[in-house]
Amino acid sequence: MSAFSDLPVVALENARISVETRTVLTSASFNIGKGEFVYLVGRTGSGKSSLLRTIYADLELEEGKATVAGFTINGIKRKDVPMLRRKLGIIFQDFQLFKDRTVSENLEFVLKATGWTDSGKIKSRITDVLMKVGLTGHLSKMPHQLSGGEQQRVVIARALLNEPQILIADEPTGNLDPEVTEGIYELLDKINSQGTAILMATHDYSLIDKHPHRILKIENGAILDSEKEKIQLIAIY
Ligand SMILES: Nc1ncnc2c1ncn2[C@@H]1O[C@H](COP(=O)(O)OP(=O)(O)OP(=O)(O)O)[C@@H](O)[C@H]1O
């Protein structure tokens, strides 16, 4: 093990985050360790997506410090952002696959864009990630030939291509019915048990009840942490 293996995957210190003129976090500090599974909750508009955007360097940190997967986010140079994103897997509620490309082409696009050139390695990586998400045999399908749950599995496969240290998921089950949600959770749980940290924003408190993990809650511009205090989860939308 390297001497750096105990460094957190995400570390925020007194982070202040604003969107346009609205401050969503005033002074947030927390760490996410290697291989942790963490839920991110909070009312609609509390700033969950904004916090995730800061972690993947899509929204600037106004004050404080943040390191993610070994990168310092404060003042990160545009040219370094793709390197950071290679260490992260990002999953959204709306699947954002290219609709005019097959599953395989969607995955190949990302590999080529992130520097993969050897066609044998590309093919075998695509086969590997599709196997991980339970979609072996769906290589040549178009997104519209897949169910919502299957499309989300392709998105998860795409997020895994470059072996990220953490998956950042913004409402990954928001468009899925409860049974399909359970399957997606189980997949994320399996990925997590193989060592990838997960940070998942969700409104689905029944999922959290059923599968408890650490919770970070955004409330009035602050972060509450279930490791330090009891967090009330009342269905608030
Ligand atoms: N592009 C934008 N321009 C202006 N204000 C924005 C923009 N994006 C978000 N906001 C505002 O920033 C605040 C935080 O939004 P954010 O999307 O981070 O919240 P959220 O907790 O993810 O909400 P939800 O649960 O509805 O997804 C909200 O008040 C929102 O209206």
# chains A, B, ... in the order shown; residues from 1 in each chain; ligands from 1

$ residues_around --residues "A:Asn175" --least-positions-apart "4" --cutoff "10 Å" --atoms "only C-alpha atoms" --output "number ranges by chain"
A: 93-95, 148-149, 152, 171, 180-181

$ residues_near_ligand --ligand "ligand 1" --cutoff "12 Å" --atoms "only C-alpha atoms and all ligand atoms" --output "MDAnalysis selection string"
chainID A and resid 17:25 40:54 58:59 92:94 169:172 174 200:204 217:221 236:237

$ write_last_selection --atoms "N, CA and C atoms" --output "CSV table (one decimal), in the first residue's frame"
chain,number,residue,atom,x,y,z
A,17,ILE,N,-19.8,28.0,-1.1
A,17,ILE,CA,-20.2,27.8,-2.5
A,17,ILE,C,-21.4,28.7,-2.8
A,18,SER,N,-21.4,29.4,-3.9
A,18,SER,CA,-22.5,30.2,-4.3
A,18,SER,C,-22.9,29.9,-5.8
A,19,VAL,N,-24.2,30.0,-6.1
A,19,VAL,CA,-24.6,29.9,-7.4
A,19,VAL,C,-25.2,31.2,-7.8
A,20,GLU,N,-24.7,31.9,-8.8
A,20,GLU,CA,-25.1,33.2,-9.1
A,20,GLU,C,-24.9,34.1,-7.9
A,21,THR,N,-26.0,34.7,-7.4
A,21,THR,CA,-25.9,35.5,-6.2
A,21,THR,C,-26.3,34.8,-4.9
A,22,ARG,N,-26.7,33.5,-5.0
A,22,ARG,CA,-27.2,32.8,-3.8
A,22,ARG,C,-26.1,31.9,-3.2
A,23,THR,N,-25.8,32.1,-1.9
A,23,THR,CA,-24.8,31.2,-1.3
A,23,THR,C,-25.5,30.0,-0.8
A,24,VAL,N,-25.1,28.8,-1.2
A,24,VAL,CA,-25.7,27.6,-0.8
A,24,VAL,C,-25.0,26.9,0.3
A,25,LEU,N,-23.7,27.1,0.4
A,25,LEU,CA,-22.9,26.6,1.5
A,25,LEU,C,-22.1,27.7,2.1
A,40,LEU,N,-26.1,12.1,0.2
A,40,LEU,CA,-26.2,13.6,0.3
A,40,LEU,C,-27.7,14.0,0.2
A,41,VAL,N,-28.2,14.6,1.3
A,41,VAL,CA,-29.6,14.9,1.3
A,41,VAL,C,-29.8,16.4,1.6
A,42,GLY,N,-31.0,16.8,1.5
A,42,GLY,CA,-31.4,18.2,1.8
A,42,GLY,C,-32.6,18.6,0.9
A,43,ARG,N,-33.3,19.6,1.3
A,43,ARG,CA,-34.4,20.1,0.5
A,43,ARG,C,-34.1,20.4,-0.9
A,44,THR,N,-35.1,20.4,-1.7
A,44,THR,CA,-34.9,20.9,-3.1
A,44,THR,C,-34.4,22.3,-3.0
A,45,GLY,N,-33.3,22.6,-3.8
A,45,GLY,CA,-32.7,23.9,-3.8
A,45,GLY,C,-31.7,24.1,-2.7
A,46,SER,N,-31.5,23.1,-1.8
A,46,SER,CA,-30.6,23.4,-0.7
A,46,SER,C,-29.1,23.4,-1.2
A,47,GLY,N,-28.8,22.9,-2.3
A,47,GLY,CA,-27.5,23.0,-2.9
A,47,GLY,C,-26.7,21.7,-3.1
A,48,LYS,N,-27.5,20.6,-3.2
A,48,LYS,CA,-26.8,19.3,-3.4
A,48,LYS,C,-26.1,19.2,-4.7
A,49,SER,N,-26.8,19.6,-5.8
A,49,SER,CA,-26.2,19.5,-7.1
A,49,SER,C,-25.0,20.5,-7.2
A,50,SER,N,-25.2,21.7,-6.5
A,50,SER,CA,-24.1,22.7,-6.5
A,50,SER,C,-22.8,22.1,-5.8
A,51,LEU,N,-23.0,21.4,-4.7
A,51,LEU,CA,-21.9,20.9,-4.0
A,51,LEU,C,-21.2,19.8,-4.9
A,52,LEU,N,-22.0,19.0,-5.5
A,52,LEU,CA,-21.4,17.9,-6.4
A,52,LEU,C,-20.7,18.6,-7.6
A,53,ARG,N,-21.3,19.7,-8.1
A,53,ARG,CA,-20.6,20.4,-9.2
A,53,ARG,C,-19.2,20.9,-8.8
A,54,THR,N,-19.2,21.4,-7.5
A,54,THR,CA,-17.9,21.9,-7.0
A,54,THR,C,-16.9,20.7,-7.0
A,58,ASP,N,-17.0,21.9,-11.7
A,58,ASP,CA,-17.8,22.5,-12.7
A,58,ASP,C,-18.4,23.9,-12.1
A,59,LEU,N,-18.2,24.0,-10.8
A,59,LEU,CA,-18.6,25.2,-10.1
A,59,LEU,C,-17.5,25.7,-9.1
A,92,PHE,N,-25.8,11.1,-13.6
A,92,PHE,CA,-27.0,12.0,-13.4
A,92,PHE,C,-28.3,11.2,-13.5
A,93,GLN,N,-29.3,11.9,-13.1
A,93,GLN,CA,-30.7,11.4,-13.1
A,93,GLN,C,-31.1,11.1,-14.6
A,94,ASP,N,-30.9,12.1,-15.4
A,94,ASP,CA,-31.3,11.9,-16.8
A,94,ASP,C,-30.0,11.3,-17.5
A,169,ALA,N,-23.0,10.6,-7.8
A,169,ALA,CA,-24.3,10.3,-8.4
A,169,ALA,C,-25.3,11.3,-8.0
A,170,ASP,N,-25.8,12.1,-8.9
A,170,ASP,CA,-26.8,13.1,-8.6
A,170,ASP,C,-28.2,12.5,-8.9
A,171,GLU,N,-28.9,12.1,-7.9
A,171,GLU,CA,-30.3,11.5,-8.0
A,171,GLU,C,-30.3,10.4,-9.1
A,172,PRO,N,-29.4,9.4,-8.9
A,172,PRO,CA,-29.3,8.4,-10.0
A,172,PRO,C,-30.6,7.5,-10.2
A,174,GLY,N,-33.7,8.9,-9.6
A,174,GLY,CA,-34.8,9.8,-9.6
A,174,GLY,C,-35.9,9.5,-10.6
A,200,MET,N,-23.8,9.9,-3.1
A,200,MET,CA,-25.1,9.9,-3.9
A,200,MET,C,-26.1,10.9,-3.3
A,201,ALA,N,-26.4,11.9,-4.1
A,201,ALA,CA,-27.5,12.8,-3.7
A,201,ALA,C,-28.8,12.1,-4.0
A,202,THR,N,-29.7,12.1,-3.0
A,202,THR,CA,-31.0,11.5,-3.2
A,202,THR,C,-32.1,12.1,-2.4
A,203,HIS,N,-33.3,12.0,-2.9
A,203,HIS,CA,-34.5,12.4,-2.1
A,203,HIS,C,-35.2,11.2,-1.6
A,204,ASP,N,-34.7,10.0,-1.9
A,204,ASP,CA,-35.4,8.8,-1.6
A,204,ASP,C,-35.0,8.2,-0.2
A,217,LYS,N,-26.1,16.1,5.2
A,217,LYS,CA,-27.4,16.8,4.9
A,217,LYS,C,-27.0,18.3,4.8
A,218,ILE,N,-27.5,18.9,3.8
A,218,ILE,CA,-27.3,20.4,3.7
A,218,ILE,C,-28.6,21.0,4.3
A,219,GLU,N,-28.3,21.9,5.2
A,219,GLU,CA,-29.4,22.6,5.9
A,219,GLU,C,-29.0,24.0,6.2
A,220,ASN,N,-29.7,24.9,5.7
A,220,ASN,CA,-29.4,26.4,5.9
A,220,ASN,C,-28.0,26.7,5.6
A,221,GLY,N,-27.4,26.2,4.6
A,221,GLY,CA,-26.1,26.6,4.2
A,221,GLY,C,-25.0,25.8,5.0
A,236,ILE,N,-39.2,15.6,3.0
A,236,ILE,CA,-39.3,17.0,2.6
A,236,ILE,C,-39.0,17.1,1.2
A,237,TYR,N,-39.8,17.8,0.4
A,237,TYR,CA,-39.4,17.9,-1.0
A,237,TYR,C,-39.4,19.4,-1.4

$ closest_residue --among "A:Lys112, A:Leu233, A:Asp177, A:Glu186" --to "A:Leu216" --atoms "only C-alpha atoms"
A:Leu233

$ residues_around --residues "stretch 34-36 of chain A" --least-positions-apart "5" --cutoff "6 Å" --atoms "only C-alpha atoms" --output "JSON, numbers by chain"
{"A": [8, 9, 195, 196, 197]}

$ select_by_dssp --residues "stretch 20-229 of chain A" --states "strand (DSSP E or B)" --output "JSON, numbers by chain"
{"A": [22, 23, 24, 25, 26, 27, 28, 29, 30, 31, 32, 37, 38, 39, 40, 41, 63, 64, 65, 66, 67, 68, 71, 72, 88, 89, 90, 91, 92, 166, 167, 168, 169, 170, 197, 198, 199, 200, 201, 214, 215, 216, 217, 218, 219, 222, 223, 224, 225]}

$ closest_residue --among "A:Thr173, A:Asn106, A:Thr117, A:Thr26" --to "A:Ile223" --atoms "only C-alpha atoms"
A:Thr26

$ atom_distance --atom1 "atom CA of A:Glu60" --atom2 "atom CA of A:Asn14"
13.9 Å

$ atom_distance --atom1 "atom CA of A:Leu84" --atom2 "atom CA of A:Ala11"
14.3 Å

$ atom_distance --atom1 "atom CA of A:Ile91" --atom2 "atom CA of A:Ser119"
25.5 Å

$ residues_around --residues "stretch 133-141 of chain A" --least-positions-apart "3" --cutoff "8 Å" --atoms "only C-alpha atoms" --output "ChimeraX atom specification"
/A:102-104,127,129-130,145-146,150,153-154,156-157,187

$ closest_residue --among "A:Gly70, A:Val38, A:Leu12, A:Phe109" --to "A:Glu227" --atoms "only C-alpha atoms"
A:Val38

$ closest_residue --among "A:Ile90, A:Lys121, A:Lys210, A:Arg78" --to "A:Ile55" --atoms "only C-alpha atoms"
A:Ile90

$ residues_around --residues "A:Leu188" --least-positions-apart "4" --cutoff "8 Å" --atoms "only C-alpha atoms" --output "PyMOL selection string"
chain A and resi 184+192+198

$ closest_residue --among "A:Ile122, A:Ala15, A:Leu88, A:Ile215" --to "A:Asn74" --atoms "only C-alpha atoms"
A:Ala15

$ closest_residue --among "A:Arg214, A:Asp118, A:Leu176, A:Ala113" --to "A:Ser147" --atoms "only C-alpha atoms"
A:Leu176

$ select_by_dssp --residues "stretch 36-88 of chain A" --states "alpha helix (DSSP H)" --output "PyMOL selection string"
chain A and resi 48-55+81-86

$ write_last_selection --atoms "N, CA and C atoms" --output "compact mmCIF listing (two decimals), in the first residue's frame"
# COMPACT_ATOMS: atom_id res chain seq x y z
N LYS A 48 -27.47 20.57 -3.18
CA LYS A 48 -26.82 19.27 -3.37
C LYS A 48 -26.08 19.23 -4.72
N SER A 49 -26.80 19.58 -5.78
CA SER A 49 -26.16 19.53 -7.11
C SER A 49 -24.99 20.51 -7.17
N SER A 50 -25.16 21.66 -6.51
CA SER A 50 -24.07 22.66 -6.54
C SER A 50 -22.83 22.11 -5.85
N LEU A 51 -23.02 21.44 -4.71
CA LEU A 51 -21.88 20.85 -4.02
C LEU A 51 -21.21 19.79 -4.89
N LEU A 52 -22.01 18.95 -5.53
CA LEU A 52 -21.43 17.93 -6.40
C LEU A 52 -20.68 18.59 -7.55
N ARG A 53 -21.27 19.65 -8.11
CA ARG A 53 -20.59 20.36 -9.22
C ARG A 53 -19.24 20.91 -8.77
N THR A 54 -19.17 21.39 -7.54
CA THR A 54 -17.87 21.88 -7.04
C THR A 54 -16.88 20.73 -6.96
N ILE A 55 -17.35 19.57 -6.52
CA ILE A 55 -16.44 18.42 -6.38
C ILE A 55 -15.91 17.98 -7.74
N VAL A 81 -8.76 19.86 -15.53
CA VAL A 81 -10.08 19.31 -15.18
C VAL A 81 -10.31 17.92 -15.80
N PRO A 82 -9.96 17.71 -17.09
CA PRO A 82 -10.16 16.35 -17.64
C PRO A 82 -9.39 15.28 -16.86
N MET A 83 -8.20 15.63 -16.35
CA MET A 83 -7.43 14.66 -15.57
C MET A 83 -8.17 14.32 -14.27
N LEU A 84 -8.72 15.34 -13.63
CA LEU A 84 -9.52 15.12 -12.41
C LEU A 84 -10.71 14.23 -12.72
N ARG A 85 -11.44 14.57 -13.81
CA ARG A 85 -12.68 13.85 -14.13
C ARG A 85 -12.41 12.38 -14.44
N ARG A 86 -11.20 12.06 -14.86
CA ARG A 86 -10.85 10.67 -15.11
C ARG A 86 -10.82 9.86 -13.82

$ decode --residues "stretch 49-80 of chain A" --atoms "N, CA and C atoms" --output "PDB file, in the first residue's frame"
ATOM      1  N   SER A  49     -26.804  19.576  -5.777  1.00  0.00           N
ATOM      2  CA  SER A  49     -26.163  19.532  -7.106  1.00  0.00           C
ATOM      3  C   SER A  49     -24.993  20.510  -7.168  1.00  0.00           C
ATOM      4  N   SER A  50     -25.155  21.659  -6.514  1.00  0.00           N
ATOM      5  CA  SER A  50     -24.075  22.655  -6.542  1.00  0.00           C
ATOM      6  C   SER A  50     -22.833  22.109  -5.848  1.00  0.00           C
ATOM      7  N   LEU A  51     -23.023  21.438  -4.715  1.00  0.00           N
ATOM      8  CA  LEU A  51     -21.875  20.855  -4.017  1.00  0.00           C
ATOM      9  C   LEU A  51     -21.207  19.790  -4.892  1.00  0.00           C
ATOM     10  N   LEU A  52     -22.013  18.954  -5.525  1.00  0.00           N
ATOM     11  CA  LEU A  52     -21.427  17.926  -6.398  1.00  0.00           C
ATOM     12  C   LEU A  52     -20.677  18.586  -7.552  1.00  0.00           C
ATOM     13  N   ARG A  53     -21.268  19.655  -8.105  1.00  0.00           N
ATOM     14  CA  ARG A  53     -20.587  20.356  -9.218  1.00  0.00           C
ATOM     15  C   ARG A  53     -19.238  20.905  -8.773  1.00  0.00           C
ATOM     16  N   THR A  54     -19.166  21.390  -7.538  1.00  0.00           N
ATOM     17  CA  THR A  54     -17.868  21.879  -7.042  1.00  0.00           C
ATOM     18  C   THR A  54     -16.876  20.731  -6.961  1.00  0.00           C
ATOM     19  N   ILE A  55     -17.354  19.571  -6.519  1.00  0.00           N
ATOM     20  CA  ILE A  55     -16.443  18.418  -6.379  1.00  0.00           C
ATOM     21  C   ILE A  55     -15.908  17.980  -7.742  1.00  0.00           C
ATOM     22  N   TYR A  56     -16.732  18.079  -8.794  1.00  0.00           N
ATOM     23  CA  TYR A  56     -16.171  17.711 -10.093  1.00  0.00           C
ATOM     24  C   TYR A  56     -15.700  18.925 -10.920  1.00  0.00           C
ATOM     25  N   ALA A  57     -15.463  20.014 -10.195  1.00  0.00           N
ATOM     26  CA  ALA A  57     -14.837  21.213 -10.767  1.00  0.00           C
ATOM     27  C   ALA A  57     -15.653  21.828 -11.903  1.00  0.00           C
ATOM     28  N   ASP A  58     -16.977  21.890 -11.678  1.00  0.00           N
ATOM     29  CA  ASP A  58     -17.846  22.542 -12.654  1.00  0.00           C
ATOM     30  C   ASP A  58     -18.392  23.851 -12.072  1.00  0.00           C
ATOM     31  N   LEU A  59     -18.180  24.033 -10.768  1.00  0.00           N
ATOM     32  CA  LEU A  59     -18.633  25.247 -10.095  1.00  0.00           C
ATOM     33  C   LEU A  59     -17.527  25.658  -9.134  1.00  0.00           C
ATOM     34  N   GLU A  60     -17.123  26.908  -9.244  1.00  0.00           N
ATOM     35  CA  GLU A  60     -15.949  27.345  -8.483  1.00  0.00           C
ATOM     36  C   GLU A  60     -16.208  27.400  -6.977  1.00  0.00           C
ATOM     37  N   LEU A  61     -15.173  27.092  -6.242  1.00  0.00           N
ATOM     38  CA  LEU A  61     -15.218  27.234  -4.787  1.00  0.00           C
ATOM     39  C   LEU A  61     -14.943  28.712  -4.495  1.00  0.00           C
ATOM     40  N   GLU A  62     -15.841  29.337  -3.701  1.00  0.00           N
ATOM     41  CA  GLU A  62     -15.670  30.776  -3.467  1.00  0.00           C
ATOM     42  C   GLU A  62     -14.605  31.052  -2.414  1.00  0.00           C
ATOM     43  N   GLU A  63     -14.674  30.219  -1.357  1.00  0.00           N
ATOM     44  CA  GLU A  63     -13.674  30.324  -0.280  1.00  0.00           C
ATOM     45  C   GLU A  63     -13.423  28.939   0.262  1.00  0.00           C
ATOM     46  N   GLY A  64     -12.329  28.783   1.008  1.00  0.00           N
ATOM     47  CA  GLY A  64     -12.019  27.497   1.631  1.00  0.00           C
ATOM     48  C   GLY A  64     -11.141  26.650   0.737  1.00  0.00           C
ATOM     49  N   LYS A  65     -11.049  25.366   1.121  1.00  0.00           N
ATOM     50  CA  LYS A  65     -10.155  24.457   0.400  1.00  0.00           C
ATOM     51  C   LYS A  65     -10.901  23.191   0.029  1.00  0.00           C
ATOM     52  N   ALA A  66     -10.541  22.624  -1.104  1.00  0.00           N
ATOM     53  CA  ALA A  66     -11.093  21.312  -1.455  1.00  0.00           C
ATOM     54  C   ALA A  66     -10.038  20.514  -2.192  1.00  0.00           C
ATOM     55  N   THR A  67      -9.900  19.251  -1.788  1.00  0.00           N
ATOM     56  CA  THR A  67      -9.088  18.335  -2.600  1.00  0.00           C
ATOM     57  C   THR A  67      -9.960  17.140  -2.944  1.00  0.00           C
ATOM     58  N   VAL A  68      -9.837  16.708  -4.178  1.00  0.00           N
ATOM     59  CA  VAL A  68     -10.641  15.595  -4.692  1.00  0.00           C
ATOM     60  C   VAL A  68      -9.714  14.679  -5.480  1.00  0.00           C
ATOM     61  N   ALA A  69      -9.671  13.424  -5.086  1.00  0.00           N
ATOM     62  CA  ALA A  69      -8.846  12.420  -5.769  1.00  0.00           C
ATOM     63  C   ALA A  69      -7.415  12.924  -5.994  1.00  0.00           C
ATOM     64  N   GLY A  70      -6.900  13.620  -5.001  1.00  0.00           N
ATOM     65  CA  GLY A  70      -5.515  14.081  -5.074  1.00  0.00           C
ATOM     66  C   GLY A  70      -5.332  15.417  -5.790  1.00  0.00           C
ATOM     67  N   PHE A  71      -6.410  15.973  -6.337  1.00  0.00           N
ATOM     68  CA  PHE A  71      -6.317  17.273  -7.026  1.00  0.00           C
ATOM     69  C   PHE A  71      -6.792  18.382  -6.090  1.00  0.00           C
ATOM     70  N   THR A  72      -6.078  19.496  -6.103  1.00  0.00           N
ATOM     71  CA  THR A  72      -6.562  20.668  -5.380  1.00  0.00           C
ATOM     72  C   THR A  72      -7.546  21.378  -6.294  1.00  0.00           C
ATOM     73  N   ILE A  73      -8.771  21.554  -5.791  1.00  0.00           N
ATOM     74  CA  ILE A  73      -9.834  22.104  -6.643  1.00  0.00           C
ATOM     75  C   ILE A  73      -9.760  23.637  -6.732  1.00  0.00           C
ATOM     76  N   ASN A  74      -9.286  24.260  -5.648  1.00  0.00           N
ATOM     77  CA  ASN A  74      -9.204  25.730  -5.660  1.00  0.00           C
ATOM     78  C   ASN A  74      -8.345  26.165  -6.831  1.00  0.00           C
ATOM     79  N   GLY A  75      -8.926  26.982  -7.663  1.00  0.00           N
ATOM     80  CA  GLY A  75      -8.162  27.533  -8.780  1.00  0.00           C
ATOM     81  C   GLY A  75      -7.599  26.487  -9.732  1.00  0.00           C
ATOM     82  N   ILE A  76      -8.253  25.311  -9.806  1.00  0.00           N
ATOM     83  CA  ILE A  76      -7.761  24.268 -10.723  1.00  0.00           C
ATOM     84  C   ILE A  76      -7.762  24.822 -12.152  1.00  0.00           C
ATOM     85  N   LYS A  77      -6.725  24.502 -12.896  1.00  0.00           N
ATOM     86  CA  LYS A  77      -6.638  25.025 -14.267  1.00  0.00           C
ATOM     87  C   LYS A  77      -7.560  24.209 -15.167  1.00  0.00           C
ATOM     88  N   ARG A  78      -8.185  24.907 -16.119  1.00  0.00           N
ATOM     89  CA  ARG A  78      -9.098  24.240 -17.077  1.00  0.00           C
ATOM     90  C   ARG A  78      -8.464  22.992 -17.681  1.00  0.00           C
ATOM     91  N   LYS A  79      -7.164  23.101 -17.970  1.00  0.00           N
ATOM     92  CA  LYS A  79      -6.503  21.978 -18.653  1.00  0.00           C
ATOM     93  C   LYS A  79      -6.358  20.756 -17.736  1.00  0.00           C
ATOM     94  N   ASP A  80      -6.451  20.981 -16.406  1.00  0.00           N
ATOM     95  CA  ASP A  80      -6.323  19.851 -15.475  1.00  0.00           C
ATOM     96  C   ASP A  80      -7.660  19.186 -15.154  1.00  0.00           C
TER      97      ASP A  80
END
